[in-house]
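Presented below is the structure to which this report refers.
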There are 4 protein chains.
Amino acid sequence: MKVGFIGLGAMGAAMASNLVAAGYHVTVWNRSEAATEKLASLGAKVASTPDRAAQGDVLHSMLANDQAVREVFLDGGLLDAMDPDTVHVNHATISVALARQLAEEHAKRGLAYVAAPVFGRPDVAAAGKLNMLLAGPHAAIEKVKPLLEKMAGKLWPLGDNPERANVVKLAGNFLIVSAIESLSEATVLTRAYGVNAADFIELMTSTLFASPVYQIYGRAIAEQRFTPPGFALPLGLKDVMLAQDAAFSERVPMPLAGVLRDSLLEALADGAEGMDLSALARASERRANLSGREETSRSIKR
Amino acid sequence: MKVGFIGLGAMGAAMASNLVAAGYHVTVWNRSEAATEKLASLGAKVASTPDRAAQGDVLHSMLANDQAVREVFLDGGLLDAMDPDTVHVNHATISVALARQLAEEHAKRGLAYVAAPVFGRPDVAAAGKLNMLLAGPHAAIEKVKPLLEKMAGKLWPLGDNPERANVVKLAGNFLIVSAIESLSEATVLTRAYGVNAADFIELMTSTLFASPVYQIYGRAIAEQRFTPPGFALPLGLKDVMLAQDAAFSERVPMPLAGVLRDSLLEALADGAEGMDLSALARASERRANLSGREETSRSIKR
Amino acid sequence: MKVGFIGLGAMGAAMASNLVAAGYHVTVWNRSEAATEKLASLGAKVASTPDRAAQGDVLHSMLANDQAVREVFLDGGLLDAMDPDTVHVNHATISVALARQLAEEHAKRGLAYVAAPVFGRPDVAAAGKLNMLLAGPHAAIEKVKPLLEKMAGKLWPLGDNPERANVVKLAGNFLIVSAIESLSEATVLTRAYGVNAADFIELMTSTLFASPVYQIYGRAIAEQRFTPPGFALPLGLKDVMLAQDAAFSERVPMPLAGVLRDSLLEALADGAEGMDLSALARASERRANLSGREETSRSIKR
Amino acid sequence: MKVGFIGLGAMGAAMASNLVAAGYHVTVWNRSEAATEKLASLGAKVASTPDRAAQGDVLHSMLANDQAVREVFLDGGLLDAMDPDTVHVNHATISVALARQLAEEHAKRGLAYVAAPVFGRPDVAAAGKLNMLLAGPHAAIEKVKPLLEKMAGKLWPLGDNPERANVVKLAGNFLIVSAIESLSEATVLTRAYGVNAADFIELMTSTLFASPVYQIYGRAIAEQRFTPPGFALPLGLKDVMLAQDAAFSERVPMPLAGVLRDSLLEALADGAEGMDLSALARASERRANLSGREETSRSIKR
C-alpha cells in the first residue's frame with residue numbers, strides 16, 4: 001500500500017513515523033522542507049509538491065488549521081489533482097463549516113473523504129496511542145483502518161458524516177479548557193484562605209478528578225510552569241471559538257464557552273501569547289489580584 | 001475510647017457503623033429517632049438528647065447544613081454542655097462563615113475542634129473509603145486519627161485552621177458542578193450535529209476524563225436517569241452558593257460559579273427540585289430547545 | 001400631624017428636612033447624635049431613643065441596610081413599643097426576605113406598614129424630587145400620602161404587598177449597575193481602537209442613552225473621577241447580591257447579575273473599596289490590561 | 001454636485017431620498033430593481049450597474065452587511081472601476097476587519113474613503129435626523145459634509161482612521177442589546193413577585209432610563225409586541241458577534257457580550273428568527289419558566 005502524508009508538525013511527524021515504522025511506503029510533504037528530514041532519515045520519500053504525495057492509495061493530512069487546509073486542498077488545487085482511488089484522511093482540528101465544505105468538495109469530485117481528528121499530545125502520538133475519532137463512508141474507513149491502527153490506541157467510530165468527528169473534537173477541547181478554568185478558579189478560592197495550591201490540586205486530581213487532563217494541566221498550574229507550550233494557549237482560544245461557531249450555526253447556547261473565551265483573552269492581554277494552555281490559570285489569579293494585595297485576611301462582612 | 005456520633009443521615013449512619021464495627025463504644029443521637037434503629041441493632045447506644053452523646057472522648061457530627069449545626073451546637077447549647085476533654089470532629093459541609101464562628105466558639109470554651117468534611121457517596125462511606133479533609137489543632141487530630149482511619153480511605157491534612165477544610169470541600173463541590181455543566185453543554189453541542197449522547201459521553205469519560213465524577217454523572221446524563229437523587233440538585237446549588245459566599249468574603253471573582261448558579265436555577269425552575277445533580281444537563285438541553293425544534297439541520301450562515 | 005423620622009444619613013436627613021420645612025412637627029432619632037444637629041437647627045425635636053420618635057401618627061425610617069433595620073425594629077423591640085395608630089413607612093433598601101418578615105411582624109401586632117424605597121441621590125432628596133416606590137395597605141397609603149409628596153417628585157404605587165416595592169428597588173439598582181458595566185466594556189473596546197473615552201461616552205449619553213444614569217456615571221468614567229463615592233461601590237455589590245437573593249427565592253436565572261457581581265468583586269480586589277460605583281469601569285480596563293500593554297496595535301489574525 | 005447611492009433598503013432609501021429632496025443629482029443602484037422605483041419617482045436616476053452610480057463626485061453606499069460590501073466593491077470590481085476624484089462614503093455597519101481592509105484597498109487605488117455608519121431607525125432616517133459617526137481623511141470629509149448634513153441631525157467626528165467609526169457603531173449596538181437584556185432580566189425578576197411588567201417598565205423608562213433605546217424596546221417588551229421586526233433579532237446577534245470579533249483582535253474581554261450572544265441564541269432556538277430585537281426578552285422569561293409554572297409563590301428557603 002502506498003501512502004502520502006501532508007503536514008509534519010510535532011503531531012504529524014510522530015504519526016507519519018509510525019506508518020513508516022509499520023513498513024508502509026510513505027511519501028511526505030511539508031511546507032517548510034526542514035521538517036521532512038527526520039522522516040526521510042526513517043525511510044520516507046520526500047515530495048517537493050503536495051500533489052506528488054497524493055498519488056498513493058491513501059493520503060493523510062495533518063495541517064495546522066482551517067487556513068492551511070484551505071490553501072493546500074482548495075485554493076492550491078490539490079483536490080482537483082487527486083485520483084478517485086485515493087482516500088483522503090484528514091486528521092486536522094478544523095471548523096465544522098470547513099468540514100462540511102470539504103465533504104461537499106470531495107463528493108463533487110468523486111473522492112472518498114474521512115475525518116479522523118485525534119486526542120493526544122506528541123508523546124502519545126509517538127507511542128501510537130492516540131484516541132482517534134472517525135467519521136466517513138464505511139468502505140473508505142474499512143480501507144484505511146489498518147493504517148489508522150498503527151497511529152491510534154483506539155478508534156472511535158462516529159458514523160458516515162465527517163463533520164461529526166470534527167464537532168466531537170471541538171467539544172472535547174472545550175471540555176479541556178473548561179476543566180482548566182474550573183480548576184483555576186477553585187485553586188484561587190482556596191489559596192485566598194491560605195491553602196497551598198499544590199496540596200489542593202494534588203488532592204483533587206488524585207481523587208475525584210484522577211484523569212489525564214486534570215493531572216497534566218493541574219501539575220503545570222501547581223508548579224506555575226507555563227512554558228514551553230505543549231498546547232499553546234492561543235490555539236486553545238481558537239478551538240473554543242470554533243466550538244462557539246459550531247454552536248452558533250445550530251443555535252446552541254454555551255454559557256461556559258463564553259466565560260472561557262474571555263478568560264483566555266484576559267490571559268493573552270496579560271502576556272500569555274507564547275504560553276501553554278495551563279497559563280489560563282493566570283487569569284483567575286489576576287482577577288482576584290492575589291499577588292497584588294496583602295496576604296493578611298481581608299474578610300468583609302456581607 | 002468512648003465515642004459520640006450526632007447526625008445519622010445516609011452518610012452519617014454509614015460512617016458511624018464503621019466505628020461500631022471497629023469495636024468502639026459509640027453513642028448516637030439523631031433528631032428523628034427512626035434513623036437510630038439500625039445503629040442500635042449493630043450495637044450502638046442511643047442517646048435521647050445530643051448532650052448525652054457528647055460525653056465521651058470524641059464527638060463526631062454529620063449534620064445536614066449550617067442551620068442544623070447552628071441549632072444543635074449554638075442555639076441548642078450543646079457547646080456549653082461539652083467537656084473540655086472531648087474533641088469535636090465536624091464532618092458536615094458548611095459555610096466558611098460558620099466554620100470560622102465554630103472555631104471561635106470552641107476556642108472560647110477551651111474545646112478542641114477539628115473540621116473533617118468528606119468526599120464520597122453513601123456507598124463509599126459504607127466501605128470506609130471516604131476521602132476525608134482534615135484541619136484543626138495537631139494534638140486533637142493525633143487523638144482522633146485512629147477513628148478517622150476507620151471511616152476514610154485517605155486523610156488529607158490541611159493545617160491547623162479548621163475553615164480551610166471547609167473551603168476545600170466547597171471548592172471540590174464547585175468542581176463537580178463545573179464538570180457536569182461542561183459535559184452537558186458539550187453533549188448538547190454534539191447532539192445538535194447528530195452525535196449520539198451516550199457515544200459522546202462514553203468516549204470522553206473513558207479517555208481524557210476517565211475519572212469518577214465524569215463517569216458517574218456522565219452515565220446518568222447519557223441515560224437521562226435523574227431520579228432518585230444521589231446528590232440532590234438543590235444541595236448542589238446550595239454548595240455553589242456557599243462557594244460564592246466564601247469567594248465574596250475574600251474578593252475572589254469566580255465567573256464559572258455564576259454560570260453554574262444560573263444553570264441550576266434554570267433546572268429548578270423547570271422541575272428538577274426533586275432530582276439528582278445530574279439533572280443540571282436538562283438546562284443545557286432546554287436552552288438549545290433541542291427537543292422542541294425540528295431535528296432537521298437549521299444551519300444559518302453567519 | 002405628628003411625625004417621627006429614624007435614620008439621618010445623607011438621604012434621611014434631606015428627606016426629614018423637607019417634612020420640617022413643610023410645617024410638620026417632626027421628632028427625629030439617629031444612632032449617632034451628631035447627625036441630629038442640623039435637623040434640630042431647622043426645628044425638629046430630637047429623641048434620645050427610637051421609641052420616643054415613634055409616638056406620632058407616622059414613623060418614617062431610612063436606615064442603612066438589613067442589619068440596621070433588624071437591630072432597631074426587631075431585636076431592639078421598637079415594633080413591640082409602637083402604637084397601632086402609627087403608620088410605619090420604611091424607605092430603606094432592604095432584602096425581599098426582610099421585607100416579607102417585616103410585613104408579617106407588623107401584621108402580627110396590628111401595625112400598618114408601608115414600603116417606600118426611593119431612587120435619587122442626596123441632592124435630589126434635598127430638592128424633594130425623589131422617585132418613590134410605594135406598596136402597602138390602601139388606607140395607610142392614603143393617610144401618609146401628603147407627607148410623601150413633600151419628599152417625592154413622583155409616587156409610584158405598586159399595590160398592597162410591601163415586598164413589591166423592595167424588589168422593584170433592587171431591580172432598578174441592578175439596571176444601574178448593568179448600565180455602568182456595559183458602558184465600561186464598550187468604552188474599553190473603542191479605546192483599544194484609539195477612540196477617546198470622553199468622546200465615545202459623550203456621543204452615547206447624549207443620543208441613544210441620554211438619560212440620568214448613563215450621563216452621571218458616564219461622566220465619572222470619562223473623567224476617571226471615582227472619589228468621593230456618591231453611591232459607594234460596595235453598596236452597589238450588596239444590592240446586586242440582594243437582587244440575586246430575591247431571584248434565587250423565586251428561581252429566576254439572571255446571567256447579567258452574575259457578571260456584575262464578579263466585575264464588582266474584581267474592582268474591589270483591585271482597591272475600589274472606598275470608591276464610587278462608577279469605579280466598576282476599572283475592572284473592564286484591568287481585564288483588557290489597557291494601561292499595562294503597549295499602545296501599538298496588537299491585532300492577531302484569527 | 002453629482003452623487004451616487006448604492007443600497008436602497010429601508011435605511012438607504014430614506015437617506016437617498018433626503019439627498020434628492022435637497023436638490024442633488026442622485027443616481028441610485030440596488031441589487032433588486034424594485035427598490036429603485038420610489039427613488040425614481042422622486043427624481044433620482046436609476047443605474048443598471050453599480051459602476052454607473054459611481055461616476056459622480058461622491059458615492060454613498062448603505063449595503064446590508066460584510067458580504068454585500070465585499071461582493072459589490074471587492075469581488076465585483078467596483079473599486080477598480082472608480083475614479084480617484086470620487087469620494088466613497090460607506091454608511092454600512094460592517095466588521096472592523098473589513099473596515100480595515102477597505103481602507104487599505106481604497107488607499108492602494110488612491111481613492112478617498114470615509115466611514116459614516118449611523119444610529120437611528122428608518123423613520124429617523126426619513127426625517128434626516130440620524131446620528132452619523134464620521135471617520136476618514138479631513139479633506140474628504142469636508143467635501144462631503146454638506147451632503148451628510150442633509151441626512152443627519154448630528155455628525156460625530158472620530159478622526160481620520162475609518163475603522164474607528166465602525167467600532168463605535170458596533171459598541172453602540174452592543175450597548176443597545178445590553179440595555180434590552182438587563183431590562184428583560186429585571187422585568188422577569190419583578191414579575192416573579194407579582195409586579196406588572198408594563199408598570200415596572202414605565203417606571204424605569206420614564207425616570208432613571210428615560211432615553212430612546214429603553215423607551216422604544218421597553219414598550220415592545222411590555223406589550224409583548226415582537227413583530228414586525230424593526231431591528232431584526234438575528235442582525236442584533238450578528239452585531240454582537242462583530243463586536244466580539246473586534247474585541248478578540250485587540251484582546252479585550254467583554255463578559256456581557258458573551259451573555260448577550262447566548263441569550264440571543266436561546267431566543268433564536270425558541271422561534272425568534274423573524275422577530276424584533278426586543279424578543280430577546282423571551283429568553284429571560286423562558287429561563288425562569290414563568291409561563292410554565294404555577295403563578296403561586298414558590299419561595300424556597302435557602
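Letters A, B, ... go to the chains of the C-alpha cells in the order shown; residues in each chain start at 1; ligands are counted from 1 in the same order.
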Practice task
Find the spatial neighbours of segment 242-244 of chain B, counting only C-alpha atoms, within a cut-off of 8 Å - ignore same-chain residues fewer than 5 positions away - and output them as a list in words.
Solution key: Ile94, Ser95, Val96, Val167, Leu170, Ala171, Phe174, Met254 and Ala257 of chain B
Selected residues, C-alpha atoms, written as an mmCIF file, in the first residue's frame, please.
data_model
loop_
_atom_site.group_PDB
_atom_site.id
_atom_site.type_symbol
_atom_site.label_atom_id
_atom_site.label_comp_id
_atom_site.auth_asym_id
_atom_site.auth_seq_id
_atom_site.Cartn_x
_atom_site.Cartn_y
_atom_site.Cartn_z
ATOM 1 C CA ILE B 94 -20.881 24.080 55.995
ATOM 2 C CA SER B 95 -20.213 27.687 55.075
ATOM 3 C CA VAL B 96 -16.820 29.186 55.706
ATOM 4 C CA VAL B 167 -13.357 25.859 51.835
ATOM 5 C CA LEU B 170 -16.805 23.732 48.803
ATOM 6 C CA ALA B 171 -14.182 24.176 46.081
ATOM 7 C CA PHE B 174 -17.814 23.580 42.736
ATOM 8 C CA MET B 254 -15.463 33.171 40.049
ATOM 9 C CA ALA B 257 -19.681 29.814 39.611
#
Practice task
Give me the residues within 9 Å of Val69 of chain C as a PyMOL selection string, counting only C-alpha atoms and dropping any in the same chain fewer than 6 places off.
Solution key: chain C and resi 61-63+92+94+98
Write the selection just made, keeping C-alpha atoms, as a CSV table (one decimal), in the first residue's frame?
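Saved as out.csv:
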chain,number,residue,atom,x,y,z
C,61,SER,CA,-37.4,55.2,58.8
C,62,MET,CA,-34.4,55.4,56.4
C,63,LEU,CA,-31.9,53.0,57.9
C,92,ALA,CA,-34.7,51.7,53.3
C,94,ILE,CA,-33.6,46.0,52.1
C,98,LEU,CA,-36.6,41.0,55.4
Practice task
Rank A:Leu290, A:Ser17, A:Gly258, A:Leu148 by their smallest atom-to-atom distance to Pro122 of chain A, using only C-alpha atoms, and report the top residue only.
Solution key: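 The answer is A:Ser17, which sits nearest to Pro122 of chain A.
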Exercise for the section: Using only C-alpha atoms, select each residue of chain A with any atom at most 7 Å away from an atom of chain B, and give the selection as a PyMOL selection string. Expected result: chain A and resi 164+167-168+171+175+178-179+182-183+185-186+189-190+192-193+195+208-213+247+249-256+259+287-288+298-301
Problem - Distance in Å - atom CA of Thr36 of chain D versus atom CA of Asp66 of chain D - result: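 Atom CA of Asp66 of chain D lies at a distance of 21.7 Å from atom CA of Thr36 of chain D.
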Problem - Filtered DSSP result for segment 47-276 of chain B, state strand (DSSP E), as a list of chain:residue names - result: B:Val58, B:Leu59, B:His60, B:Ser61, B:Val87, B:His88, B:Val89, B:Asn90, B:Ala112, B:Tyr113, B:Val114, B:Ala115, B:Val118, B:Phe119, B:Leu130, B:Asn131, B:Met132, B:Leu133, B:Leu134, B:Ala152, B:Gly153, B:Lys154, B:Leu155, B:Trp156, B:Pro157
Handout entry: Shell of 9 Å around Gly9 of chain A, only C-alpha atoms, local chain residues under 4 positions omitted, as number ranges by chain
Key = A: 13-14, 30, 35, 62-64
So that I have them on file, write out the residues from the current selection with C-alpha atoms, as a PDB file, in the first residue's frame.
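Produced file out20.pdb, reproduced below:
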ATOM      1  CA  ALA A  13       5.671  13.823  12.151  1.00  0.00           C
ATOM      2  CA  ALA A  14       5.032  11.392  15.011  1.00  0.00           C
ATOM      3  CA  ASN A  30       5.612  19.712   4.297  1.00  0.00           C
ATOM      4  CA  ALA A  35      10.528  19.177   8.870  1.00  0.00           C
ATOM      5  CA  MET A  62      -2.420  16.860   9.479  1.00  0.00           C
ATOM      6  CA  LEU A  63      -2.331  20.580   8.725  1.00  0.00           C
ATOM      7  CA  ALA A  64      -2.368  23.307  11.354  1.00  0.00           C
TER       8      ALA A  64
END
Problem - Residues near Gly271 of chain B, cut-off 10 Å, only C-alpha atoms, skip fewer than 6 positions along chain, as a list in words - result: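 These residues fall inside the cut-off: Ala279 and Arg282 of chain B; Asn289, Gly292 and Arg293 of chain D.
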Exercise for the section: Considering only C-alpha atoms, return as JSON, numbers by chain whatever protein or nucleic-acid residues lie within 7 Å of segment 221-223 of chain B, sequence-local ones (same chain, fewer than 4 positions apart) excluded. Expected result: {"B": [197, 198, 201, 217, 278, 281]}
Problem - Å distance separating atom CA of Ala269 of chain C from atom CA of Gly236 of chain B, one decimal place - result: 27.0 Å
Practice task
Report the residues of segment 71-284 of chain A whose backbone DSSP state falls under helix (DSSP H, G or I), written as an MDAnalysis selection string.
Solution key: chainID A and resid 71:75 78:81 96:108 122:126 138:151 163:192 197:205 212:222 233:249 255:269 277:284
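Between atom CA of Ala54 of chain B and atom CA of His138 of chain B the interatomic distance comes to 21.1 Å.
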